[in-house]
Amino acid sequence: MKKLTTALLTALLLLNFAACGEKEPDDTPSGYDDSLISELYSEEGEYTDAENNTLAYSYHVPRIVSETAVAAALNDEIADQFGALVQEQKDMMASRVSLTCLSVTWTSYWNDSLLCLVVRAEMDGDTSTTETYSYDFFGGKRLMSEDLLARCELSTQDFITAARRTAANYFDETYRDALSGSMGGVGFIASYAERRAWTLSDENINAEMRLYLDGGALHMIVPIGSFAGAESYDADLALDLSARETVEKTAQDSFVKAALSGGNLTVSFEKTADSAWYAENFRFDYETIYPVEGLYSDYTDVFVGSVGQGYFPYIFLLTSEGTVEYVNLLEGLTAGFLCDGGPLGGVKGIASFESGEVEEDYGTYQTVFAVDASGEKHDLSGAVSDADYTIPSEFLGEWTATVTHDTAEQGSYDSDYILTLTDGGGLTVQDINSEVGIYFEYTGQLNYLGTNGEGMVFGYHLNENAGTVRYGAFTLLRGSDGLHVKSVAGENFFDAPSGRYTVFARG
């Protein structure tokens with residue numbers, strides 16, 4: 001009955017095309033399977049190079065068996081990338097030099113008439129190249145990523161939200177044991193935050209990323225930041241569209257109230273005798289409900305407590321995996337940007353929180369303890385400090401950028417910016433206009449706030465020579481062309497167009 005229905009539908013479509021004076025190319029075989037895929041290259045064996053290294057190789061480059069121009073163009077695209085790579089290896093064999101690629105493989109995913117091909121080349125240096133191609137034999141059409149999203153009835157924003165959450169959970173699960181054992185390992189904690197932010201950035205998570213369908217489930221090929229060997233590797237992840245745990249929790253300490261609802265976190269403030277100084281100095285008001293960005297996990301609890309000498313409230317989130325995430329509340333308020341800082345190092349298997357005090361030789365400080373399932377308490381002050389004041393080593397040093405400013409009064413002119421980042425969060429910004437001899441210098445401090453789609457978010461407070469203090473936040477992201485810096489709160493220091501970042505090169 002199914003075949004009869006398909007044949008009838010095809011006949012009706014052909015009649016419709018004929019009535020319009022058009023006919024679309026169409027492949028309508030009795031079944032859709034791998035018989036509709038041939039191979040441009042199909043070779044396996046062993047090869048010994050001039051240095052007497054013997055290596056096994058396997059090269060399989062697919063071709064779609066279809067007479068349409070669309071299929072021909074798609075086959076050419078596959079041949080240009082993977083066929084050319086295999087031919088290059090064959091030429092290297094003839095010259096007896098070491099190979100740079102030992103494997104090219106393909107996997108087919110059939111969704112009725114829609115074929116999704118995933119082609120992967122394993123390269124030397126623990127790297128790989130993966131591409132996806134989608135072709136619908138019924139109508140002879142190629143489907144791009146946006147077409148697959150439409151087929152799944154997903155908007156671009158809904159997809160990006162789900163994709164970022166899927167990638168964040170995969171990243172955190174992959175490196176959870178390493179992070180939980182890194183208390184005191186400031187360097188790894190900073191690298192963890194940097195690689196996590198890079199993985200979740202708009203450069204990797206977007207509507208044009210490599211997608212394919214497998215039995216109705218949407219899969220994506222995501223570059224995952226790594227800490228050894230190559231800087232990243234491709235992971236094949238099924239998009240998680242499941243509903244987030246809708247735990248309704250609130251927590252309050254002094255004048256600070258946090259509310260967790262549907263996976264979203266908000267913060268509000270009550271007017272009390274203790275709150276006035278904080279409202280003035282950390283720039284919040286009592287009528288506003290402040291949202292917190294950068295939440296990707298499933299959360300089971302929220303807690304507000306002070307960490308340090310004096311009252312310095314932080315918000316802590318307990319995930320369903322027993323890890324702890326945090327919000328640097330006061331620095332975020334000062335910068336004008338509240339963001340989840342991601343998983344804290346050195347803790348795992350946590351069941352609850354409680355406030356307390358710790359006595360040291362130099363005095364007593366307040367802290368929050370993460371309590372694990374066995375009842376052991378873990379002081380979070382060290383983990384919070386490691387995260388707050390650490391900058392990844394890849395960001396440290398001097399960075400320069402030349403920016404052209406366009407003004408209605410003076411026309412265009414160039415400024416040279418020098419951005420200097422030092423260990424512990426030190427920051428210097430120099431603004432130099434050589435044409436007119438103007439020079440500004442700002443010095444201050446960076447504090448890590450969290451991660452959004454644009455990179456690691458840092459709050460800053462900068463002192464000008466004249467005594468003015470400037471507050472705000474910008475993102476830092478390491479790109480192939482340099483350090484990407486984007487203002488997200490406060491002054492647009494580098495005069496970037498709205499929604500754009502400034503690229504800094506190594507000084």
# chains A, B, ... in the order shown; residues from 1 in each chain; ligands from 1
$ residues_around --residues "A:Glu435" --least-positions-apart "5" --cutoff "9 Å" --atoms "only C-alpha atoms" --output "number ranges by chain"
A: 413-415
$ closest_atom_pairs --of "stretch 135-187 of chain A" --to "stretch 101-110 of chain A" --cutoff "12 Å" --atoms "only C-alpha atoms" --output "tab-separated table"
residue	atom	partner	partner_atom	distance
A:Tyr135	CA	A:Trp110	CA	10.0
A:Asp136	CA	A:Trp110	CA	9.7
A:Phe137	CA	A:Trp110	CA	10.7
$ write_last_selection --atoms "N, CA, C and O atoms" --output "compact mmCIF listing (two decimals), in the first residue's frame"
# COMPACT_ATOMS: atom_id res chain seq x y z
N TYR A 135 20.90 15.12 0.47
CA TYR A 135 20.31 15.13 -0.88
C TYR A 135 19.02 14.34 -0.85
O TYR A 135 18.96 13.19 -0.37
N ASP A 136 17.96 14.96 -1.35
CA ASP A 136 16.65 14.31 -1.41
C ASP A 136 16.42 13.79 -2.83
O ASP A 136 16.31 14.57 -3.77
N PHE A 137 16.38 12.46 -2.97
CA PHE A 137 16.16 11.85 -4.28
C PHE A 137 14.77 12.18 -4.82
O PHE A 137 14.56 12.20 -6.03
$ closest_residue --among "A:Ala387, A:Asn447, A:Leu462, A:Gly507" --to "A:Gly187" --atoms "only C-alpha atoms"
A:Ala387
$ residues_around --residues "stretch 230-243 of chain A" --least-positions-apart "5" --cutoff "6 Å" --atoms "only C-alpha atoms" --output "PyMOL selection string"
chain A and resi 166+218-225
$ write_last_selection --atoms "all heavy atoms" --output "short mmCIF file (atom, residue, chain, number, x, y, z; two decimals), in the first residue's frame"
data_model
loop_
_atom_site.label_atom_id
_atom_site.label_comp_id
_atom_site.auth_asym_id
_atom_site.auth_seq_id
_atom_site.Cartn_x
_atom_site.Cartn_y
_atom_site.Cartn_z
N THR A 166 23.32 21.56 24.44
CA THR A 166 23.81 20.21 24.17
C THR A 166 25.33 20.17 24.22
O THR A 166 25.94 19.28 24.83
CB THR A 166 23.32 19.72 22.80
OG1 THR A 166 21.89 19.75 22.76
CG2 THR A 166 23.81 18.31 22.50
N LEU A 218 17.92 15.03 14.86
CA LEU A 218 18.87 15.96 14.27
C LEU A 218 20.22 15.84 14.99
O LEU A 218 20.30 15.94 16.21
CB LEU A 218 18.35 17.39 14.39
CG LEU A 218 19.13 18.47 13.64
CD1 LEU A 218 19.14 18.22 12.15
CD2 LEU A 218 18.56 19.85 13.95
N HIS A 219 21.26 15.63 14.20
CA HIS A 219 22.62 15.54 14.72
C HIS A 219 23.43 16.74 14.24
O HIS A 219 23.17 17.30 13.18
CB HIS A 219 23.31 14.26 14.26
CG HIS A 219 22.83 13.02 14.95
ND1 HIS A 219 23.63 12.26 15.77
CD2 HIS A 219 21.61 12.43 14.95
CE1 HIS A 219 22.95 11.24 16.23
NE2 HIS A 219 21.71 11.32 15.75
N MET A 220 24.45 17.09 15.03
CA MET A 220 25.32 18.20 14.65
C MET A 220 26.77 17.80 14.91
O MET A 220 27.08 17.07 15.84
CB MET A 220 24.95 19.45 15.43
CG MET A 220 24.94 19.27 16.94
SD MET A 220 24.30 20.74 17.77
CE MET A 220 24.61 20.29 19.49
N ILE A 221 27.64 18.29 14.05
CA ILE A 221 29.07 18.10 14.21
C ILE A 221 29.61 19.35 14.89
O ILE A 221 29.57 20.44 14.32
CB ILE A 221 29.78 17.87 12.86
CG1 ILE A 221 29.07 16.76 12.07
CG2 ILE A 221 31.25 17.54 13.09
CD1 ILE A 221 29.07 15.41 12.74
N VAL A 222 30.10 19.20 16.12
CA VAL A 222 30.50 20.34 16.94
C VAL A 222 32.01 20.29 17.21
O VAL A 222 32.50 19.27 17.70
CB VAL A 222 29.74 20.36 18.28
CG1 VAL A 222 30.10 21.62 19.08
CG2 VAL A 222 28.24 20.27 18.06
N PRO A 223 32.74 21.36 16.93
CA PRO A 223 34.14 21.41 17.36
C PRO A 223 34.20 21.56 18.88
O PRO A 223 33.63 22.51 19.45
CB PRO A 223 34.69 22.66 16.68
CG PRO A 223 33.68 23.03 15.63
CD PRO A 223 32.37 22.54 16.14
N ILE A 224 34.85 20.62 19.55
CA ILE A 224 34.96 20.62 21.01
C ILE A 224 36.39 20.99 21.39
O ILE A 224 37.34 20.34 20.96
CB ILE A 224 34.60 19.25 21.61
CG1 ILE A 224 33.18 18.84 21.21
CG2 ILE A 224 34.76 19.27 23.13
CD1 ILE A 224 32.08 19.71 21.77
N GLY A 225 36.54 22.03 22.18
CA GLY A 225 37.86 22.43 22.61
C GLY A 225 38.53 21.34 23.42
O GLY A 225 37.89 20.65 24.21
#
$ select_by_dssp --residues "stretch 207-455 of chain A" --states "strand (DSSP E)" --output "MDAnalysis selection string"
chainID A and resid 211:214 217:225 232:238 249:253 256:261 264:269 290:291 299:306 313:319 324:327 350:360 363:372 377:379 397:407 411:422 426:433 438:452 455
$ select_by_dssp --residues "stretch 372-447 of chain A" --states "alpha helix (DSSP H)" --output "PyMOL selection string"
chain A and resi 381-388
$ write_last_selection --atoms "all heavy atoms" --output "short mmCIF file (atom, residue, chain, number, x, y, z; two decimals), in the first residue's frame"
data_model
loop_
_atom_site.label_atom_id
_atom_site.label_comp_id
_atom_site.auth_asym_id
_atom_site.auth_seq_id
_atom_site.Cartn_x
_atom_site.Cartn_y
_atom_site.Cartn_z
N SER A 381 35.43 28.90 48.91
CA SER A 381 36.10 30.19 48.74
C SER A 381 37.31 30.09 47.82
O SER A 381 37.56 30.99 47.01
CB SER A 381 36.54 30.74 50.11
OG SER A 381 37.47 29.86 50.74
N GLY A 382 38.07 29.00 47.93
CA GLY A 382 39.23 28.84 47.07
C GLY A 382 38.86 28.68 45.62
O GLY A 382 39.48 29.27 44.72
N ALA A 383 37.82 27.87 45.36
CA ALA A 383 37.38 27.65 43.98
C ALA A 383 36.86 28.94 43.37
O ALA A 383 37.12 29.24 42.20
CB ALA A 383 36.30 26.57 43.95
N VAL A 384 36.13 29.74 44.16
CA VAL A 384 35.60 31.01 43.66
C VAL A 384 36.73 31.98 43.35
O VAL A 384 36.74 32.65 42.31
CB VAL A 384 34.63 31.61 44.70
CG1 VAL A 384 34.34 33.07 44.38
CG2 VAL A 384 33.33 30.81 44.73
N SER A 385 37.71 32.05 44.24
CA SER A 385 38.84 32.95 44.01
C SER A 385 39.63 32.56 42.77
O SER A 385 40.03 33.43 41.98
CB SER A 385 39.75 32.94 45.24
OG SER A 385 40.87 33.77 45.05
N ASP A 386 39.86 31.24 42.60
CA ASP A 386 40.59 30.77 41.41
C ASP A 386 39.89 31.20 40.14
O ASP A 386 40.53 31.58 39.15
CB ASP A 386 40.71 29.25 41.44
CG ASP A 386 41.71 28.77 42.48
OD1 ASP A 386 42.51 29.60 42.97
OD2 ASP A 386 41.69 27.57 42.81
N ALA A 387 38.56 31.12 40.14
CA ALA A 387 37.80 31.47 38.94
C ALA A 387 37.73 32.98 38.72
O ALA A 387 37.87 33.46 37.60
CB ALA A 387 36.39 30.88 39.03
N ASP A 388 37.55 33.74 39.81
CA ASP A 388 37.33 35.18 39.68
C ASP A 388 38.51 35.93 39.08
O ASP A 388 38.34 36.85 38.27
CB ASP A 388 37.01 35.79 41.05
CG ASP A 388 35.56 35.58 41.46
OD1 ASP A 388 34.78 35.10 40.62
OD2 ASP A 388 35.23 35.91 42.61
#
$ residues_around --residues "A:Gln445" --least-positions-apart "6" --cutoff "10 Å" --atoms "only C-alpha atoms" --output "list in words"
Tyr389, Leu421, Thr422, Gly424, Gly425, Gly426, Leu427, Thr428, Phe458, Gly459, Tyr460, His461, Leu462 and Asn463 of chain A
$ closest_residue --among "A:Thr68, A:Asn204, A:Thr48, A:Ser145" --to "A:Leu99" --atoms "only C-alpha atoms"
A:Thr48
$ residues_around --residues "A:Val307" --least-positions-apart "3" --cutoff "9 Å" --atoms "only C-alpha atoms" --output "list in words"
Gly310, Tyr311, Phe312, Pro313, Tyr314, Ser355, Tyr365, Gln366, Thr367, Val368, Leu380, Ser381 and Val384 of chain A
$ residues_around --residues "A:Ala167" --least-positions-apart "4" --cutoff "7 Å" --atoms "only C-alpha atoms" --output "ChimeraX atom specification"
/A:163,171,200
$ write_last_selection --atoms "N, CA, C and O atoms" --output "mmCIF file, in the first residue's frame"
data_model
loop_
_atom_site.group_PDB
_atom_site.id
_atom_site.type_symbol
_atom_site.label_atom_id
_atom_site.label_comp_id
_atom_site.auth_asym_id
_atom_site.auth_seq_id
_atom_site.Cartn_x
_atom_site.Cartn_y
_atom_site.Cartn_z
ATOM 1 N N ALA A 163 21.330 23.765 20.774
ATOM 2 C CA ALA A 163 22.660 23.310 20.379
ATOM 3 C C ALA A 163 23.707 23.735 21.401
ATOM 4 O O ALA A 163 24.605 22.948 21.758
ATOM 5 N N PHE A 171 30.566 18.992 26.848
ATOM 6 C CA PHE A 171 31.882 19.472 27.263
ATOM 7 C C PHE A 171 32.086 19.237 28.755
ATOM 8 O O PHE A 171 33.121 18.705 29.184
ATOM 9 N N LEU A 200 31.401 26.969 22.868
ATOM 10 C CA LEU A 200 30.017 27.452 22.861
ATOM 11 C C LEU A 200 29.831 28.763 22.105
ATOM 12 O O LEU A 200 28.732 29.303 22.055
#
$ residues_around --residues "A:Phe227" --least-positions-apart "6" --cutoff "10 Å" --atoms "only C-alpha atoms" --output "tab-separated table (two decimals) with N, CA, C and O atoms, in the first residue's frame"
chain	number	residue	atom	x	y	z
A	175	TYR	N	34.90	16.57	30.56
A	175	TYR	CA	36.05	17.02	31.36
A	175	TYR	C	35.72	17.15	32.85
A	175	TYR	O	36.51	17.74	33.60
A	188	PHE	N	44.68	25.12	34.89
A	188	PHE	CA	43.70	24.27	34.20
A	188	PHE	C	42.30	24.88	34.28
A	188	PHE	O	41.53	24.83	33.31
A	191	SER	N	42.09	27.44	31.64
A	191	SER	CA	42.03	26.82	30.32
A	191	SER	C	40.68	26.17	30.08
A	191	SER	O	40.15	26.19	28.97
A	192	TYR	N	40.12	25.57	31.14
A	192	TYR	CA	38.79	24.96	31.04
A	192	TYR	C	37.76	26.01	30.62
A	192	TYR	O	36.97	25.79	29.70
A	195	ARG	N	38.43	27.08	26.87
A	195	ARG	CA	38.03	26.08	25.87
A	195	ARG	C	36.51	25.89	25.86
A	195	ARG	O	35.91	25.64	24.81
$ closest_residue --among "A:Asn452, A:Ser393, A:Gln87, A:Asn465" --to "A:Phe440" --atoms "only C-alpha atoms"
A:Asn465
